[in-house]
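Heads up: the structure comes next, in structure tokens.
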Amino acid sequence: QLMAVTKTVGIQEMLDAVSAGVLLLGENRVQELLSKYETLHAAGAQIHLIGHLQSNKVSKIVGKAAMIQSADSIQIASEIDKRSAQAGLVTDVLVEVNIARQASKSGFFPEQALEAVSEISGFRALHMRGMMTVPPICASSAEIRKHFEAMRRLFVDISDKKIDNISCNILSMGMSGDFAEAIIEGSTMVRIGSAIFGPRQYH
Ligand SMILES: *Cc1c(COP(=O)(O)O)cnc(C)c1O
């Protein structure tokens, strides 16, 4: 699956992408997702949240984001579960893994992932659909492939456990600079921003 990542991209350009057939969009900030939601939803697109989520914003995003790809702690998963239950919804999530254990990134360390998935499987208003990762920027193709490969192995190991109440079919990895390597290593969803829309303009 191809996701067009639309942070900083204007509504008209987003609608152009939707007209061209890209019905899956990704935003990394709650406020920006909400400000674009009505128009894009009406145009038939789905928007996933792909950035770190703070507890105090969960109630705003539940029911709007078609999936939250950044379930990066038990605390946030629990909050999404609570708010989804209150709204009478089940929210699709991906468990975010910090595959290279970088201090600067959020997500579960690989060795924590199985326990996290088991705990998340107990939340009744969450449906775990798979896993997502953002690996470090690497100097070589071989180096980035190692991270994607490690992620795919973890994903397959966890899928094979057949944990109740989850499905583990989506492996979201690969961005503009590394999607080819991600696909070779088994990505099922690439998240592409600048390679579609050009360099981001931050205001
Ligand atoms: C911005 C972003 C992308 C897309 O990045 P590009 O390099 O522009 O393709 C993908 N995933 C996440 C989580 C992002 O924040």
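As shown in the structure tokens, the chain order sets the letters A, B, ...; within each chain, residues go from 1, and ligands are also counted from 1 in the order they appear.
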Would you tabulate, counting only C-alpha atoms, all residues of stretch 49-148 of chain A that have an atom at most 12 Å from an atom of stretch 184-191 of chain A, showing the closest pair of atoms and their distance in Å to one decimal, sorted by chain then ascending number, as a tab-separated table?
```
residue	atom	partner	partner_atom	distance
A:Leu49	CA	A:Arg191	CA	11.4
A:Ile50	CA	A:Arg191	CA	9.1
A:Gly51	CA	A:Arg191	CA	11.9
A:Gln69	CA	A:Arg191	CA	11.1
A:Leu94	CA	A:Met189	CA	11.7
A:Arg129	CA	A:Thr188	CA	11.8
A:Gly130	CA	A:Thr188	CA	9.9
A:Met131	CA	A:Ser187	CA	10.1
A:Met132	CA	A:Met189	CA	9.1
A:Thr133	CA	A:Ser187	CA	10.2
A:Val134	CA	A:Arg191	CA	10.0
A:Ser141	CA	A:Ile184	CA	11.2
A:Ala142	CA	A:Glu185	CA	11.2
A:Ile144	CA	A:Glu185	CA	10.0
A:Arg145	CA	A:Glu185	CA	6.8
A:Lys146	CA	A:Glu185	CA	8.8
A:His147	CA	A:Glu185	CA	9.3
A:Phe148	CA	A:Glu185	CA	6.0
```
So that I have them on file, write out the residues from the current selection with N, CA, C and O atoms, as a PDB file, in the first residue's frame.
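Saved result, again37.pdb, follows:
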```
ATOM      1  N   LEU A  49      -2.739   8.702  11.561  1.00  0.00           N
ATOM      2  CA  LEU A  49      -1.779   9.469  12.350  1.00  0.00           C
ATOM      3  C   LEU A  49      -0.485   8.665  12.409  1.00  0.00           C
ATOM      4  O   LEU A  49      -0.486   7.491  12.792  1.00  0.00           O
ATOM      5  N   ILE A  50       0.632   9.312  12.030  1.00  0.00           N
ATOM      6  CA  ILE A  50       1.915   8.601  11.992  1.00  0.00           C
ATOM      7  C   ILE A  50       2.948   9.215  12.938  1.00  0.00           C
ATOM      8  O   ILE A  50       4.079   8.766  12.978  1.00  0.00           O
ATOM      9  N   GLY A  51       2.554  10.255  13.679  1.00  0.00           N
ATOM     10  CA  GLY A  51       3.498  10.906  14.597  1.00  0.00           C
ATOM     11  C   GLY A  51       3.145  10.637  16.049  1.00  0.00           C
ATOM     12  O   GLY A  51       2.032  10.194  16.365  1.00  0.00           O
ATOM     13  N   GLN A  69      -0.839   4.894  13.797  1.00  0.00           N
ATOM     14  CA  GLN A  69       0.329   4.033  13.536  1.00  0.00           C
ATOM     15  C   GLN A  69       1.392   4.185  14.615  1.00  0.00           C
ATOM     16  O   GLN A  69       2.383   3.467  14.598  1.00  0.00           O
ATOM     17  N   LEU A  94      -1.198   0.529  14.930  1.00  0.00           N
ATOM     18  CA  LEU A  94       0.033  -0.215  14.705  1.00  0.00           C
ATOM     19  C   LEU A  94       0.924   0.024  15.915  1.00  0.00           C
ATOM     20  O   LEU A  94       0.916   1.110  16.507  1.00  0.00           O
ATOM     21  N   ARG A 129      -3.302  -3.957  14.161  1.00  0.00           N
ATOM     22  CA  ARG A 129      -3.303  -4.428  12.783  1.00  0.00           C
ATOM     23  C   ARG A 129      -1.900  -4.756  12.269  1.00  0.00           C
ATOM     24  O   ARG A 129      -1.756  -5.299  11.184  1.00  0.00           O
ATOM     25  N   GLY A 130      -0.864  -4.364  13.032  1.00  0.00           N
ATOM     26  CA  GLY A 130       0.491  -4.629  12.558  1.00  0.00           C
ATOM     27  C   GLY A 130       1.486  -3.729  13.265  1.00  0.00           C
ATOM     28  O   GLY A 130       1.232  -3.279  14.380  1.00  0.00           O
ATOM     29  N   MET A 131       2.594  -3.465  12.594  1.00  0.00           N
ATOM     30  CA  MET A 131       3.687  -2.731  13.230  1.00  0.00           C
ATOM     31  C   MET A 131       4.259  -1.678  12.295  1.00  0.00           C
ATOM     32  O   MET A 131       4.155  -1.790  11.078  1.00  0.00           O
ATOM     33  N   MET A 132       4.888  -0.679  12.901  1.00  0.00           N
ATOM     34  CA  MET A 132       5.484   0.415  12.112  1.00  0.00           C
ATOM     35  C   MET A 132       6.836   0.784  12.679  1.00  0.00           C
ATOM     36  O   MET A 132       7.084   0.591  13.870  1.00  0.00           O
ATOM     37  N   THR A 133       7.717   1.224  11.816  1.00  0.00           N
ATOM     38  CA  THR A 133       9.020   1.668  12.309  1.00  0.00           C
ATOM     39  C   THR A 133       9.574   2.800  11.444  1.00  0.00           C
ATOM     40  O   THR A 133       9.222   2.930  10.267  1.00  0.00           O
ATOM     41  N   VAL A 134      10.416   3.612  12.079  1.00  0.00           N
ATOM     42  CA  VAL A 134      11.192   4.646  11.382  1.00  0.00           C
ATOM     43  C   VAL A 134      12.657   4.385  11.734  1.00  0.00           C
ATOM     44  O   VAL A 134      13.100   4.720  12.822  1.00  0.00           O
ATOM     45  N   SER A 141      22.883   1.535   1.634  1.00  0.00           N
ATOM     46  CA  SER A 141      21.731   0.707   1.395  1.00  0.00           C
ATOM     47  C   SER A 141      21.795  -0.579   2.227  1.00  0.00           C
ATOM     48  O   SER A 141      20.802  -1.030   2.802  1.00  0.00           O
ATOM     49  N   ALA A 142      23.002  -1.153   2.333  1.00  0.00           N
ATOM     50  CA  ALA A 142      23.168  -2.392   3.103  1.00  0.00           C
ATOM     51  C   ALA A 142      22.826  -2.169   4.569  1.00  0.00           C
ATOM     52  O   ALA A 142      22.180  -3.007   5.211  1.00  0.00           O
ATOM     53  N   ILE A 144      20.802   0.176   5.932  1.00  0.00           N
ATOM     54  CA  ILE A 144      19.365   0.388   6.171  1.00  0.00           C
ATOM     55  C   ILE A 144      18.608  -0.934   6.020  1.00  0.00           C
ATOM     56  O   ILE A 144      17.671  -1.218   6.759  1.00  0.00           O
ATOM     57  N   ARG A 145      19.054  -1.759   5.077  1.00  0.00           N
ATOM     58  CA  ARG A 145      18.375  -3.053   4.899  1.00  0.00           C
ATOM     59  C   ARG A 145      18.467  -3.918   6.137  1.00  0.00           C
ATOM     60  O   ARG A 145      17.540  -4.662   6.452  1.00  0.00           O
ATOM     61  N   LYS A 146      19.577  -3.809   6.882  1.00  0.00           N
ATOM     62  CA  LYS A 146      19.703  -4.594   8.128  1.00  0.00           C
ATOM     63  C   LYS A 146      18.607  -4.226   9.115  1.00  0.00           C
ATOM     64  O   LYS A 146      18.032  -5.085   9.781  1.00  0.00           O
ATOM     65  N   HIS A 147      18.319  -2.927   9.217  1.00  0.00           N
ATOM     66  CA  HIS A 147      17.259  -2.505  10.143  1.00  0.00           C
ATOM     67  C   HIS A 147      15.892  -3.000   9.670  1.00  0.00           C
ATOM     68  O   HIS A 147      15.087  -3.487  10.457  1.00  0.00           O
ATOM     69  N   PHE A 148      15.633  -2.873   8.373  1.00  0.00           N
ATOM     70  CA  PHE A 148      14.340  -3.340   7.852  1.00  0.00           C
ATOM     71  C   PHE A 148      14.199  -4.856   8.003  1.00  0.00           C
ATOM     72  O   PHE A 148      13.119  -5.366   8.309  1.00  0.00           O
TER      73      PHE A 148
END
```
| task | List all protein, DNA and RNA residues that have at least one atom no more than 6 Å from any atom of ligand 1, counting only C-alpha atoms and all ligand atoms, and write them as an MDAnalysis selection string. | result | chainID A and resid 5 28 50:51 175:177 191:195
| For A:Ser35, which of A:Ser19, A:Ser84, A:Thr8, A:Ser121 is the closest residue, counting only C-alpha atoms? | A:Thr8
| said: Would you pick out the contacts of stretch 11-16 of chain A at 9 Å or less, using only C-alpha atoms, so that residues sharing its chain but fewer than 3 positions from it are not included, and give the list as a PyMOL selection string? | reply: chain A and resi 4+6+19-22+25+36+39-40+43+45+197
Output all heavy atoms for every residue in the selection just made, as a PDB file, in the first residue's frame.
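Wrote it out as part_35.pdb, contents follow:
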```pdb
ATOM      1  N   ALA A   4       0.462   8.527   1.031  1.00  0.00           N
ATOM      2  CA  ALA A   4       1.044   9.843   0.767  1.00  0.00           C
ATOM      3  C   ALA A   4       1.090  10.615   2.083  1.00  0.00           C
ATOM      4  O   ALA A   4       0.064  10.822   2.723  1.00  0.00           O
ATOM      5  CB  ALA A   4       0.209  10.596  -0.261  1.00  0.00           C
ATOM      6  N   THR A   6       1.347  13.851   4.115  1.00  0.00           N
ATOM      7  CA  THR A   6       0.917  15.182   3.685  1.00  0.00           C
ATOM      8  C   THR A   6       1.190  16.290   4.695  1.00  0.00           C
ATOM      9  O   THR A   6       0.593  17.363   4.596  1.00  0.00           O
ATOM     10  CB  THR A   6      -0.583  15.134   3.324  1.00  0.00           C
ATOM     11  OG1 THR A   6      -1.295  14.512   4.402  1.00  0.00           O
ATOM     12  CG2 THR A   6      -0.806  14.332   2.062  1.00  0.00           C
ATOM     13  N   SER A  19      -7.416  12.593  -6.237  1.00  0.00           N
ATOM     14  CA  SER A  19      -7.942  12.416  -7.601  1.00  0.00           C
ATOM     15  C   SER A  19      -7.068  11.480  -8.421  1.00  0.00           C
ATOM     16  O   SER A  19      -7.566  10.768  -9.293  1.00  0.00           O
ATOM     17  CB  SER A  19      -7.998  13.748  -8.361  1.00  0.00           C
ATOM     18  OG  SER A  19      -8.718  14.677  -7.639  1.00  0.00           O
ATOM     19  N   ALA A  20      -5.783  11.505  -8.144  1.00  0.00           N
ATOM     20  CA  ALA A  20      -4.857  10.617  -8.863  1.00  0.00           C
ATOM     21  C   ALA A  20      -4.913   9.188  -8.337  1.00  0.00           C
ATOM     22  O   ALA A  20      -4.232   8.317  -8.862  1.00  0.00           O
ATOM     23  CB  ALA A  20      -3.432  11.162  -8.775  1.00  0.00           C
ATOM     24  N   GLY A  21      -5.711   8.961  -7.289  1.00  0.00           N
ATOM     25  CA  GLY A  21      -5.926   7.593  -6.830  1.00  0.00           C
ATOM     26  C   GLY A  21      -5.282   7.218  -5.514  1.00  0.00           C
ATOM     27  O   GLY A  21      -5.367   6.068  -5.091  1.00  0.00           O
ATOM     28  N   VAL A  22      -4.638   8.170  -4.846  1.00  0.00           N
ATOM     29  CA  VAL A  22      -4.036   7.861  -3.544  1.00  0.00           C
ATOM     30  C   VAL A  22      -5.070   8.151  -2.458  1.00  0.00           C
ATOM     31  O   VAL A  22      -5.344   9.303  -2.150  1.00  0.00           O
ATOM     32  CB  VAL A  22      -2.768   8.709  -3.284  1.00  0.00           C
ATOM     33  CG1 VAL A  22      -2.115   8.285  -1.970  1.00  0.00           C
ATOM     34  CG2 VAL A  22      -1.783   8.561  -4.430  1.00  0.00           C
ATOM     35  N   LEU A  25      -3.728   8.722   3.279  1.00  0.00           N
ATOM     36  CA  LEU A  25      -2.876   9.863   3.591  1.00  0.00           C
ATOM     37  C   LEU A  25      -2.356   9.723   5.025  1.00  0.00           C
ATOM     38  O   LEU A  25      -3.012   9.105   5.864  1.00  0.00           O
ATOM     39  CB  LEU A  25      -3.674  11.168   3.458  1.00  0.00           C
ATOM     40  CG  LEU A  25      -4.423  11.356   2.129  1.00  0.00           C
ATOM     41  CD1 LEU A  25      -5.291  12.606   2.185  1.00  0.00           C
ATOM     42  CD2 LEU A  25      -3.456  11.425   0.954  1.00  0.00           C
ATOM     43  N   LYS A  36      -7.558  19.257   8.400  1.00  0.00           N
ATOM     44  CA  LYS A  36      -7.748  18.778   7.036  1.00  0.00           C
ATOM     45  C   LYS A  36      -8.819  17.693   6.927  1.00  0.00           C
ATOM     46  O   LYS A  36      -9.224  17.318   5.825  1.00  0.00           O
ATOM     47  CB  LYS A  36      -6.421  18.208   6.515  1.00  0.00           C
ATOM     48  CG  LYS A  36      -5.319  19.242   6.354  1.00  0.00           C
ATOM     49  CD  LYS A  36      -3.964  18.556   6.141  1.00  0.00           C
ATOM     50  CE  LYS A  36      -2.892  19.562   5.711  1.00  0.00           C
ATOM     51  NZ  LYS A  36      -1.571  18.880   5.583  1.00  0.00           N
ATOM     52  N   THR A  39     -12.514  17.877   4.811  1.00  0.00           N
ATOM     53  CA  THR A  39     -12.380  17.949   3.352  1.00  0.00           C
ATOM     54  C   THR A  39     -11.891  16.634   2.761  1.00  0.00           C
ATOM     55  O   THR A  39     -12.430  16.155   1.760  1.00  0.00           O
ATOM     56  CB  THR A  39     -11.382  19.065   2.970  1.00  0.00           C
ATOM     57  OG1 THR A  39     -11.748  20.240   3.685  1.00  0.00           O
ATOM     58  CG2 THR A  39     -11.396  19.340   1.485  1.00  0.00           C
ATOM     59  N   LEU A  40     -10.896  16.061   3.386  1.00  0.00           N
ATOM     60  CA  LEU A  40     -10.317  14.837   2.836  1.00  0.00           C
ATOM     61  C   LEU A  40     -11.225  13.638   3.044  1.00  0.00           C
ATOM     62  O   LEU A  40     -11.341  12.774   2.167  1.00  0.00           O
ATOM     63  CB  LEU A  40      -8.936  14.584   3.438  1.00  0.00           C
ATOM     64  CG  LEU A  40      -7.771  15.324   2.757  1.00  0.00           C
ATOM     65  CD1 LEU A  40      -7.707  14.991   1.282  1.00  0.00           C
ATOM     66  CD2 LEU A  40      -7.815  16.811   2.959  1.00  0.00           C
ATOM     67  N   ALA A  43     -13.777  13.696   0.482  1.00  0.00           N
ATOM     68  CA  ALA A  43     -13.239  13.298  -0.827  1.00  0.00           C
ATOM     69  C   ALA A  43     -12.970  11.791  -0.905  1.00  0.00           C
ATOM     70  O   ALA A  43     -12.535  11.290  -1.944  1.00  0.00           O
ATOM     71  CB  ALA A  43     -11.953  14.073  -1.114  1.00  0.00           C
ATOM     72  N   ALA A  45     -10.903   9.976   1.172  1.00  0.00           N
ATOM     73  CA  ALA A  45      -9.584   9.518   1.635  1.00  0.00           C
ATOM     74  C   ALA A  45      -9.633   9.146   3.117  1.00  0.00           C
ATOM     75  O   ALA A  45     -10.485   9.613   3.859  1.00  0.00           O
ATOM     76  CB  ALA A  45      -8.551  10.621   1.422  1.00  0.00           C
ATOM     77  N   PHE A 197       5.448  15.064  -3.109  1.00  0.00           N
ATOM     78  CA  PHE A 197       5.028  16.467  -3.084  1.00  0.00           C
ATOM     79  C   PHE A 197       6.184  17.454  -3.211  1.00  0.00           C
ATOM     80  O   PHE A 197       5.959  18.658  -3.265  1.00  0.00           O
ATOM     81  CB  PHE A 197       4.275  16.760  -1.779  1.00  0.00           C
ATOM     82  CG  PHE A 197       3.004  15.950  -1.627  1.00  0.00           C
ATOM     83  CD1 PHE A 197       2.934  14.886  -0.752  1.00  0.00           C
ATOM     84  CD2 PHE A 197       1.877  16.241  -2.393  1.00  0.00           C
ATOM     85  CE1 PHE A 197       1.774  14.138  -0.603  1.00  0.00           C
ATOM     86  CE2 PHE A 197       0.709  15.493  -2.271  1.00  0.00           C
ATOM     87  CZ  PHE A 197       0.661  14.451  -1.374  1.00  0.00           C
TER      88      PHE A 197
END
```
| field | Nearby residues (only C-alpha atoms) at most 12 Å from A:Lys82, same-chain spacing under 2 positions excluded, as a PyMOL selection string | value | chain A and resi 55+58-59+62+75-80+84-91+123-126
| DSSP-assigned strand (DSSP E or B) among stretch 40-159 of chain A, expressed as a VMD selection string | chain A and resid 46 to 49 67 to 71 91 to 97 108 126 to 133
| When DSSP works through the backbone of this structure, what residues of stretch 73-190 of chain A end up as alpha helix (DSSP H), shown as a PyMOL selection string? | chain A and resi 74-87+110-120+141-160+179-184
| query | Which of these, A:Ala113, A:Ile99, A:Ala182, A:Met173, has the shortest distance to A:Asp157 once you count only C-alpha atoms? | reply |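 Closest residue, counting only C-alpha atoms: A:Ala113.
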| query | Using only C-alpha atoms, which residue out of A:Pro199, A:Pro135, A:Gly107, A:Gly44 lies closest to A:Asp72? | reply |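 So, comparing all the options, the nearest one is A:Gly107.
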| query | atom CA of A:Ala65 to atom CA of A:Arg83: how many Å, to one decimal? | reply |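 For atom CA of A:Ala65 relative to atom CA of A:Arg83, the distance reads 13.1 Å.
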| said: Just want the 9 Å neighbourhood of A:Ser167, counted on only C-alpha atoms, with same-chain residues fewer than 2 positions away dropped. Output as JSON, numbers by chain. | reply: {"A": [127, 128, 129, 130, 159, 162, 163, 164, 165, 169, 170]}
| Shell around A:Leu34 at 9 Å using only C-alpha atoms, local window under 4 positions removed, as a list in words |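 Skipping anything fewer than 4 positions along the chain leaves Arg29, Val30, Glu38, Lys60, Ile61, Lys64 and Ala65 of chain A.
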| request: Could you please determine the separation between atom CA of A:Gln201 and atom CA of A:Leu33 in Å, to one decimal place? | output: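 Separating atom CA of A:Gln201 from atom CA of A:Leu33 is a distance of 16.7 Å.
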